[in-house]
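Colleague: Structure supplied as model_5.txt; contents: compact mmCIF, C-alpha atoms.
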# COMPACT_ATOMS: atom_id res chain seq x y z
CA MET O 28 -79.17 -6.16 -61.60
CA ASN O 29 -80.38 -9.04 -59.46
CA THR O 30 -79.47 -8.75 -59.83
CA MET O 31 -80.13 -7.66 -57.58
CA ASN O 32 -81.28 -10.88 -56.44
CA GLU O 33 -81.01 -13.92 -58.72
CA HIS O 34 -80.94 -25.71 -61.68
CA THR O 35 -79.87 -28.47 -62.76
CA LEU O 36 -76.24 -28.09 -63.77
CA ILE O 37 -73.31 -29.41 -61.76
CA MET O 38 -71.83 -26.89 -59.35
CA ARG O 39 -68.06 -26.43 -59.45
CA ASP O 40 -66.76 -25.26 -56.09
CA SER O 41 -63.01 -25.41 -56.19
CA VAL O 42 -61.37 -22.31 -57.65
CA VAL O 43 -62.49 -19.07 -59.22
CA ALA O 44 -63.11 -19.61 -62.92
CA GLN O 45 -60.56 -18.00 -65.16
CA PRO O 46 -62.66 -15.88 -67.54
CA LEU O 47 -62.10 -16.05 -71.25
CA ILE O 48 -62.60 -12.32 -71.59
CA ALA O 49 -59.38 -10.67 -70.70
CA THR O 50 -59.14 -7.12 -69.69
CA ARG O 51 -59.87 -5.84 -66.22
CA PRO O 52 -57.74 -3.52 -64.09
CA ALA O 53 -55.11 -5.40 -62.09
CA ALA O 54 -55.05 -3.11 -59.05
CA PRO O 55 -57.82 -1.70 -56.83
CA LYS O 56 -58.93 1.75 -57.94
CA ALA O 57 -59.39 4.38 -55.22
CA GLN O 58 -62.61 6.38 -55.25
CA PRO O 59 -63.81 9.48 -53.36
CA GLY O 60 -65.28 8.80 -49.94
CA GLY O 61 -62.71 6.29 -48.73
CA ILE O 62 -63.73 3.38 -50.94
CA GLU O 63 -61.94 1.37 -53.61
CA VAL O 64 -63.12 -0.78 -56.49
CA SER O 65 -61.52 -3.98 -57.74
CA TRP O 66 -62.30 -7.26 -59.48
CA ALA O 67 -61.96 -10.45 -57.44
CA LYS O 68 -58.85 -12.43 -58.33
CA HIS O 69 -58.94 -15.16 -55.67
CA GLN O 70 -61.53 -17.43 -54.10
CA ASP O 71 -61.31 -15.68 -50.74
CA GLU O 72 -62.31 -12.41 -52.41
CA VAL O 73 -65.31 -14.11 -54.02
CA ARG O 74 -66.22 -15.58 -50.62
CA ALA O 75 -66.25 -12.08 -49.12
CA ALA O 76 -68.77 -11.01 -51.78
CA GLN O 77 -70.85 -14.14 -51.19
CA LYS O 78 -70.87 -13.44 -47.44
CA LEU O 79 -72.19 -9.91 -48.04
CA ARG O 80 -74.83 -11.30 -50.40
CA PHE O 81 -75.96 -13.83 -47.80
CA ASP O 82 -76.22 -11.17 -45.10
CA VAL O 83 -78.33 -8.93 -47.33
CA PHE O 84 -80.49 -11.48 -49.13
CA ALA O 85 -81.06 -13.97 -46.32
CA GLY O 86 -80.58 -11.71 -43.29
CA GLU O 87 -82.52 -8.68 -44.53
CA MET O 88 -84.84 -10.00 -47.22
CA GLY O 89 -85.57 -13.42 -45.77
CA ALA O 90 -84.41 -15.31 -48.86
CA ARG O 91 -84.26 -19.10 -48.61
CA LEU O 92 -80.85 -19.90 -50.05
CA ASN O 93 -79.80 -23.38 -51.12
CA THR O 94 -76.07 -22.94 -50.66
CA PRO O 95 -73.18 -25.40 -50.30
CA VAL O 96 -71.25 -22.96 -48.07
CA ALA O 97 -72.88 -21.97 -44.77
CA GLY O 98 -73.35 -18.24 -44.33
CA HIS O 99 -72.59 -17.51 -48.00
CA ASP O 100 -74.82 -17.08 -51.05
CA VAL O 101 -73.29 -19.50 -53.57
CA ASP O 102 -74.87 -20.83 -56.75
CA LEU O 103 -73.74 -22.63 -59.89
CA PHE O 104 -73.15 -19.41 -61.85
CA ASP O 105 -70.63 -17.90 -59.43
CA ASN O 106 -67.62 -19.81 -60.71
CA TYR O 107 -68.28 -18.56 -64.24
CA CYS O 108 -68.67 -14.91 -63.28
CA GLU O 109 -66.44 -11.94 -62.74
CA HIS O 110 -67.06 -10.46 -59.27
CA LEU O 111 -66.84 -6.70 -58.83
CA LEU O 112 -66.06 -5.51 -55.30
CA VAL O 113 -66.24 -2.20 -53.46
CA ARG O 114 -64.23 -2.07 -50.22
CA ASP O 115 -64.01 0.35 -47.35
CA GLN O 116 -60.41 1.52 -47.65
CA ALA O 117 -59.93 1.78 -43.88
CA THR O 118 -61.18 -1.71 -42.99
CA GLN O 119 -60.87 -3.50 -46.37
CA GLN O 120 -64.37 -4.88 -45.76
CA VAL O 121 -66.37 -5.66 -48.90
CA ILE O 122 -69.34 -3.28 -48.79
CA GLY O 123 -70.73 -3.64 -52.30
CA THR O 124 -70.70 -6.17 -55.10
CA TYR O 125 -71.99 -7.18 -58.52
CA ARG O 126 -71.32 -10.32 -60.46
CA VAL O 127 -70.90 -10.20 -64.22
CA LEU O 128 -71.49 -13.11 -66.60
CA THR O 129 -69.85 -12.49 -69.97
CA PRO O 130 -71.08 -13.96 -73.28
CA VAL O 131 -68.23 -16.47 -73.44
CA GLN O 132 -68.83 -17.67 -69.89
CA ALA O 133 -72.60 -17.83 -70.44
CA LYS O 134 -71.93 -20.28 -73.26
CA ARG O 135 -69.71 -22.35 -70.95
CA VAL O 136 -72.29 -22.63 -68.17
CA GLY O 137 -75.12 -23.11 -70.66
CA SER O 138 -77.31 -20.09 -69.89
CA THR O 139 -77.60 -16.93 -67.85
CA TYR O 140 -79.37 -16.74 -64.50
CA SER O 141 -82.04 -14.63 -66.21
CA ASP O 142 -82.74 -17.56 -68.54
CA THR O 143 -83.93 -19.53 -65.51
CA GLU O 144 -86.55 -16.87 -64.75
CA PHE O 145 -87.52 -15.71 -68.25
CA ASP O 146 -87.77 -16.96 -71.81
CA LEU O 147 -85.16 -14.74 -73.47
CA THR O 148 -85.69 -16.00 -77.03
CA ARG O 149 -86.17 -12.49 -78.39
CA LEU O 150 -82.75 -11.42 -77.09
CA ARG O 151 -80.85 -14.06 -79.07
CA MET O 152 -79.48 -11.51 -81.54
CA LEU O 153 -77.93 -9.52 -78.67
CA ARG O 154 -76.14 -12.35 -76.87
CA GLU O 155 -72.74 -12.09 -78.55
CA ARG O 156 -72.14 -8.70 -76.89
CA MET O 157 -74.49 -9.00 -73.90
CA VAL O 158 -73.44 -9.44 -70.27
CA GLU O 159 -75.65 -10.32 -67.34
CA LEU O 160 -75.44 -8.31 -64.14
CA GLY O 161 -76.58 -10.04 -60.98
CA ARG O 162 -76.50 -10.37 -57.22
CA SER O 163 -76.15 -6.61 -56.72
CA CYS O 164 -76.06 -5.56 -53.07
CA VAL O 165 -74.58 -2.94 -50.74
CA HIS O 166 -73.92 -3.17 -47.01
CA PRO O 167 -76.69 -1.38 -45.06
CA GLU O 168 -74.25 1.05 -43.45
CA HIS O 169 -72.93 2.18 -46.84
CA ARG O 170 -76.05 2.71 -48.92
CA HIS O 171 -75.18 6.07 -50.36
CA GLY O 172 -74.65 7.17 -53.92
CA GLY O 173 -70.89 6.79 -53.83
CA VAL O 174 -70.84 3.01 -53.63
CA ILE O 175 -73.33 2.37 -56.42
CA MET O 176 -71.76 5.01 -58.66
CA ALA O 177 -68.36 3.40 -58.14
CA LEU O 178 -69.81 0.03 -59.14
CA TRP O 179 -71.49 1.46 -62.22
CA GLY O 180 -68.35 3.30 -63.26
CA ALA O 181 -66.31 0.10 -63.14
CA LEU O 182 -69.00 -1.77 -65.05
CA ALA O 183 -69.13 0.87 -67.80
CA GLU O 184 -65.33 0.77 -68.09
CA PHE O 185 -65.39 -3.04 -68.30
CA MET O 186 -68.05 -2.99 -71.02
CA THR O 187 -66.28 -0.50 -73.26
CA ARG O 188 -62.85 -2.08 -72.77
CA ASN O 189 -64.20 -5.45 -73.86
CA GLN O 190 -66.38 -4.08 -76.69
CA LEU O 191 -69.61 -5.22 -75.07
CA ASP O 192 -72.71 -3.10 -75.45
CA THR O 193 -75.72 -4.62 -73.67
CA MET O 194 -76.46 -5.46 -70.03
CA ILE O 195 -79.40 -7.49 -68.76
CA GLY O 196 -80.49 -8.57 -65.32
CA CYS O 197 -83.35 -9.24 -62.94
CA ALA O 198 -84.17 -6.21 -60.79
CA SER O 199 -85.86 -7.32 -57.58
CA ILE O 200 -88.86 -5.80 -55.81
CA PRO O 201 -89.34 -7.13 -52.25
CA MET O 202 -92.65 -8.85 -51.60
CA LEU O 203 -92.81 -7.57 -48.03
CA HIS O 204 -94.83 -4.35 -47.68
CA ASN O 205 -95.86 -2.83 -44.35
CA GLY O 206 -95.04 -6.10 -42.64
CA VAL O 207 -97.23 -8.14 -44.99
CA VAL O 208 -96.05 -10.42 -47.80
CA SER O 209 -97.85 -9.16 -50.88
CA GLY O 210 -97.24 -8.69 -54.58
CA ASP O 211 -99.30 -5.50 -54.74
CA VAL O 212 -96.24 -3.24 -54.70
CA ALA O 213 -94.60 -5.15 -57.55
CA ALA O 214 -97.84 -5.12 -59.54
CA SER O 215 -98.17 -1.37 -59.04
CA ILE O 216 -94.56 -0.69 -60.08
CA TRP O 217 -94.99 -2.89 -63.14
CA ARG O 218 -98.13 -0.94 -64.11
CA GLN O 219 -96.21 2.35 -63.86
CA LEU O 220 -93.13 1.19 -65.77
CA GLN O 221 -95.16 -0.59 -68.42
CA ALA O 222 -96.55 2.81 -69.35
CA THR O 223 -93.28 4.74 -69.22
CA HIS O 224 -90.24 2.48 -69.70
CA LEU O 225 -91.30 -0.62 -71.65
CA ALA O 226 -88.85 -1.82 -74.29
CA PRO O 227 -89.93 -2.26 -77.93
CA ILE O 228 -91.88 -5.47 -78.52
CA ASP O 229 -88.90 -7.01 -80.35
CA PHE O 230 -87.15 -7.31 -76.97
CA HIS O 231 -90.05 -8.53 -74.83
CA VAL O 232 -89.46 -11.61 -72.67
CA ARG O 233 -91.86 -13.91 -70.81
CA PRO O 234 -91.59 -14.96 -67.13
CA ARG O 235 -91.39 -18.68 -66.50
CA LEU O 236 -93.20 -18.27 -63.16
CA PRO O 237 -95.27 -15.09 -63.63
CA LEU O 238 -96.30 -12.91 -60.74
CA PRO O 239 -100.12 -13.01 -60.99
CA VAL O 240 -100.43 -9.26 -61.51
CA GLU O 241 -103.98 -9.52 -62.79
CA ARG O 242 -105.09 -10.78 -59.36
CA LEU O 243 -103.20 -8.11 -57.41
CA ASP O 244 -103.86 -4.49 -56.52
CA SER O 245 -101.83 -2.50 -59.03
CA THR O 246 -103.15 0.93 -57.99
CA LEU O 247 -100.80 1.64 -55.07
CA ASN O 248 -98.96 4.96 -55.16
CA VAL O 249 -95.46 3.56 -54.64
CA GLU O 250 -92.06 4.31 -56.08
CA PRO O 251 -89.70 1.71 -57.55
CA PRO O 252 -86.73 0.67 -55.38
CA ALA O 253 -83.76 3.03 -55.59
CA LEU O 254 -81.70 0.65 -57.72
CA ILE O 255 -84.45 0.34 -60.34
CA LYS O 256 -84.85 4.13 -60.42
CA GLY O 257 -81.10 4.37 -60.94
CA TYR O 258 -81.22 1.96 -63.86
CA LEU O 259 -84.04 3.95 -65.45
CA ARG O 260 -81.99 7.15 -65.16
CA LEU O 261 -79.22 5.33 -67.06
CA GLY O 262 -81.61 4.61 -69.92
CA ALA O 263 -82.69 1.08 -68.96
CA LYS O 264 -85.88 -0.46 -70.28
CA VAL O 265 -88.21 -3.06 -68.78
CA LEU O 266 -88.56 -6.14 -70.98
CA GLY O 267 -91.86 -7.47 -69.67
CA ALA O 268 -93.97 -8.49 -66.71
CA PRO O 269 -92.32 -9.59 -63.45
CA ALA O 270 -91.48 -13.13 -62.47
CA TRP O 271 -92.10 -14.41 -58.97
CA ASP O 272 -88.98 -15.64 -57.19
CA PRO O 273 -90.20 -17.51 -54.10
CA ASP O 274 -86.67 -18.32 -52.88
CA PHE O 275 -85.66 -14.65 -52.76
CA ASN O 276 -89.09 -13.51 -51.58
CA SER O 277 -89.22 -11.02 -54.44
CA ALA O 278 -90.74 -10.13 -57.77
CA ASP O 279 -88.12 -9.76 -60.50
CA LEU O 280 -88.39 -7.33 -63.39
CA PRO O 281 -86.36 -8.15 -66.51
CA MET O 282 -84.32 -5.10 -67.49
CA LEU O 283 -81.96 -4.18 -70.30
CA MET O 284 -79.42 -1.36 -70.55
CA ARG O 285 -77.32 -0.47 -73.58
CA ILE O 286 -74.18 1.64 -73.54
CA ALA O 287 -75.49 3.57 -76.53
CA ASP O 288 -78.54 4.65 -74.50
CA LEU O 289 -76.56 6.21 -71.64
CA PRO O 290 -77.63 9.85 -71.26
CA SER O 291 -74.82 12.25 -72.14
CA ARG O 292 -74.19 13.37 -68.55
CA TYR O 293 -73.66 9.77 -67.41
CA ARG O 294 -71.60 8.96 -70.48
CA LYS O 295 -69.30 11.85 -69.57
CA HIS O 296 -69.17 10.82 -65.89
CA PHE O 297 -68.46 7.13 -66.48
CA LEU O 298 -66.60 7.14 -69.79
CA GLY O 299 -65.24 10.66 -70.09
CA ALA O 300 -67.00 10.92 -73.46
If you took the structure in this file and wrote it as structure tokens, what would it be?

Modeller:
Amino acid sequence: MNTMNEHTLIMRDSVVAQPLIATRPAAPKAQPGGIEVSWAKHQDEVRAAQKLRFDVFAGEMGARLNTPVAGHDVDLFDNYCEHLLVRDQATQQVIGTYRVLTPVQAKRVGSTYSDTEFDLTRLRMLRERMVELGRSCVHPEHRHGGVIMALWGALAEFMTRNQLDTMIGCASIPMLHNGVVSGDVAASIWRQLQATHLAPIDFHVRPRLPLPVERLDSTLNVEPPALIKGYLRLGAKVLGAPAWDPDFNSADLPMLMRIADLPSRYRKHFLGA
């Protein structure tokens, strides 16, 4: 989740943080379609993910990134996160990535990225077993189901291995529609999902910089981005109205997924259960 497209703490930019949550596979795991999944172990592997993120977010979406490393999307949370990578087996190029902030590491950095966009007070009872997914992206030449399914499979395995049960993140909706910067698409998607996939009120969160949906056209007949539709198929819920992220040129929907809510077919696919 942006996760898919995510300030006042000091940035550490020396080595990859050594996470305090232990278990992740040591070796890359081959997948069908000539791809492999692994967790970054060295700074150069994290840099490859950050380069892909920059190309997608700045190059494609027009995000304005305040980064200490030219040509890379780097922020203060990166050194506290686990970075999940999908590579093309033939070229070893990183073609997909997520970053994962565990509960222990969220305490170390002081918050999650989602906390900077939303007031998450109502989620406080979930935090001990809640991870944040962010900065999700896939190379434009590899945007097929195999890459995202490989990422999700590795995430599900990580969650169950570490006895974590809840995932949150900011799912981004681009503000550019038919060549015009507008929030109408985001307002229309929010209207749809508010009616069909809104979480119980106990989990509602509030945007710190709300998208002014009441002043936008929310009647457009548009579909959510593919990643959001994928999350919904996995049982995700929307936690409230979208925030406006001017740096990433997007509207961000707060979303929550719980392992217990995975439909049985996905539970069998990802967990063999």

Colleague: Using all atoms listed in the file, which residue out of O:Pro167, O:Pro130, O:Gly262, O:Pro201 lies closest to Asp274 (chain O)?

Modeller: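 So, comparing all the options, the nearest one is O:Pro201.
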
Colleague: May I ask which of the residues O:Thr223, O:Ser199, O:Gln116, O:Asn248 is the closest one to Met88 (chain O), counting all atoms listed in the file?

Modeller: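 Checking each of O:Thr223, O:Ser199, O:Gln116, O:Asn248 against Met88 (chain O), counting all atoms listed in the file, the winner is O:Ser199.
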
Colleague: Go through O:Leu283, O:Cys108, O:Ala117, O:Leu220 one by one, measure the shortest atom-to-atom distance of each to Val131 (chain O) using only C-alpha atoms, and give the residue with the smallest value.

Modeller: O:Cys108

Colleague: Check the smallest atom-to-atom distance from each of O:Val83, O:Ala76, O:Leu153, O:Ala177 to Pro55 (chain O) using only C-alpha atoms, then report the winner.

Modeller: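 Smallest separation from Pro55 (chain O) among the options: O:Ala177.
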
Colleague: I need the residue nearest Ala181 (chain O) from this list: O:Leu112, O:Leu254, O:Val96, O:Leu259. Use only C-alpha atoms for the distance.

Modeller: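 Counting only C-alpha atoms, the residue closest to Ala181 (chain O) is O:Leu112.
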
Colleague: Set the distance at 6 Å and use only C-alpha atoms: which residues neighbour Phe145 (chain O) once local chain neighbours fewer than 3 positions away are removed? I'd like the list as a ChimeraX atom specification.

Modeller: /O:141-142,233-235

Colleague: Need the shell around Ile175 (chain O): protein/DNA/RNA residues with any atom at most 12 Å away, counting all atoms listed in the file. Skip same-chain ones fewer than 5 positions apart. Format as a PyMOL selection string?

Modeller: chain O and resi 28+58+62-64+111-114+122-125+163-166+169-170+180-182+253-255+257-258

Colleague: Only C-alpha atoms, please: the residues just picked out, written as a short mmCIF file (atom, residue, chain, number, x, y, z; two decimals), in the frame of the given file.

Modeller:
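Final file, selection02.cif:
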data_model
loop_
_atom_site.label_atom_id
_atom_site.label_comp_id
_atom_site.auth_asym_id
_atom_site.auth_seq_id
_atom_site.Cartn_x
_atom_site.Cartn_y
_atom_site.Cartn_z
CA MET O 28 -79.17 -6.16 -61.60
CA GLN O 58 -62.61 6.38 -55.25
CA ILE O 62 -63.73 3.38 -50.94
CA GLU O 63 -61.94 1.37 -53.61
CA VAL O 64 -63.12 -0.78 -56.49
CA LEU O 111 -66.84 -6.70 -58.83
CA LEU O 112 -66.06 -5.51 -55.30
CA VAL O 113 -66.24 -2.20 -53.46
CA ARG O 114 -64.23 -2.07 -50.22
CA ILE O 122 -69.34 -3.28 -48.79
CA GLY O 123 -70.73 -3.64 -52.30
CA THR O 124 -70.70 -6.17 -55.10
CA TYR O 125 -71.99 -7.18 -58.52
CA SER O 163 -76.15 -6.61 -56.72
CA CYS O 164 -76.06 -5.56 -53.07
CA VAL O 165 -74.58 -2.94 -50.74
CA HIS O 166 -73.92 -3.17 -47.01
CA HIS O 169 -72.93 2.18 -46.84
CA ARG O 170 -76.05 2.71 -48.92
CA GLY O 180 -68.35 3.30 -63.26
CA ALA O 181 -66.31 0.10 -63.14
CA LEU O 182 -69.00 -1.77 -65.05
CA ALA O 253 -83.76 3.03 -55.59
CA LEU O 254 -81.70 0.65 -57.72
CA ILE O 255 -84.45 0.34 -60.34
CA GLY O 257 -81.10 4.37 -60.94
CA TYR O 258 -81.22 1.96 -63.86
#

Colleague: Nearest to Pro251 (chain O): which of O:Leu280, O:Ala90, O:Lys134, O:Glu144 is it, counting only C-alpha atoms?

Modeller: O:Leu280

Colleague: Could you jot down the CA of Gly267 (chain O) to CA of His231 (chain O) separation for me, Å, one decimal place?

Modeller: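 CA of His231 (chain O) lies 5.6 Å from CA of Gly267 (chain O).
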
Colleague: Please list as a list in words every residue within 10 Å of region 188-192 of chain O, counting all atoms listed in the file and excluding residues in the same chain fewer than 3 positions away.

Modeller: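 Skipping anything fewer than 3 positions along the chain leaves Ile48, Ala49, Thr50, Arg51, Thr129, Pro130, Leu153, Arg154, Glu155, Arg156, Met157, Val158, Leu182, Ala183, Glu184, Phe185, Met284, Arg285, Ile286, Ala287 and Asp288 of chain O.
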
Colleague: Quick one: write out the picked residues with C-alpha atoms as a PDB file, in the coordinates of the input?

Modeller:
ATOM      1  CA  ILE O  48     -62.600 -12.320 -71.590  1.00  0.00           C
ATOM      2  CA  ALA O  49     -59.380 -10.670 -70.700  1.00  0.00           C
ATOM      3  CA  THR O  50     -59.140  -7.120 -69.690  1.00  0.00           C
ATOM      4  CA  ARG O  51     -59.870  -5.840 -66.220  1.00  0.00           C
ATOM      5  CA  THR O 129     -69.850 -12.490 -69.970  1.00  0.00           C
ATOM      6  CA  PRO O 130     -71.080 -13.960 -73.280  1.00  0.00           C
ATOM      7  CA  LEU O 153     -77.930  -9.520 -78.670  1.00  0.00           C
ATOM      8  CA  ARG O 154     -76.140 -12.350 -76.870  1.00  0.00           C
ATOM      9  CA  GLU O 155     -72.740 -12.090 -78.550  1.00  0.00           C
ATOM     10  CA  ARG O 156     -72.140  -8.700 -76.890  1.00  0.00           C
ATOM     11  CA  MET O 157     -74.490  -9.000 -73.900  1.00  0.00           C
ATOM     12  CA  VAL O 158     -73.440  -9.440 -70.270  1.00  0.00           C
ATOM     13  CA  LEU O 182     -69.000  -1.770 -65.050  1.00  0.00           C
ATOM     14  CA  ALA O 183     -69.130   0.870 -67.800  1.00  0.00           C
ATOM     15  CA  GLU O 184     -65.330   0.770 -68.090  1.00  0.00           C
ATOM     16  CA  PHE O 185     -65.390  -3.040 -68.300  1.00  0.00           C
ATOM     17  CA  MET O 284     -79.420  -1.360 -70.550  1.00  0.00           C
ATOM     18  CA  ARG O 285     -77.320  -0.470 -73.580  1.00  0.00           C
ATOM     19  CA  ILE O 286     -74.180   1.640 -73.540  1.00  0.00           C
ATOM     20  CA  ALA O 287     -75.490   3.570 -76.530  1.00  0.00           C
ATOM     21  CA  ASP O 288     -78.540   4.650 -74.500  1.00  0.00           C
TER      22      ASP O 288
END

Colleague: Excluding region 205-219 of chain O and its own-chain neighbours fewer than 5 positions away, which residues fall within 7 Å of it when counting all atoms listed in the file? Please give them as a count of residues only.

Modeller: 12

Colleague: Suppose you want the space between CA of Pro281 (chain O) and CA of Ser65 (chain O); what is it in Å?

Modeller: 26.7 Å

Colleague: To one decimal in Å, tell me the separation between CA of Met282 (chain O) and CA of Met194 (chain O).

Modeller: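 Taking CA of Met282 (chain O) as the start and CA of Met194 (chain O) as the end point, the length is 8.3 Å.
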
Colleague: With only C-alpha atoms as the counted atoms, please give the residues lying no more than 10 Å from Ala85 (chain O), apart from itself and same-chain residues fewer than 5 positions off, as a PyMOL selection string.

Modeller: chain O and resi 79-80+90-92+98-100+274-276

Colleague: Given the point (-71.6, -20.1, -53.3) in the file's coordinates, find the residues that have an atom at most 10 Å from it, counting all atoms listed in the file, and give them as a ChimeraX atom specification.

Modeller: /O:38-40,73-74,76-78,80-81,92-106
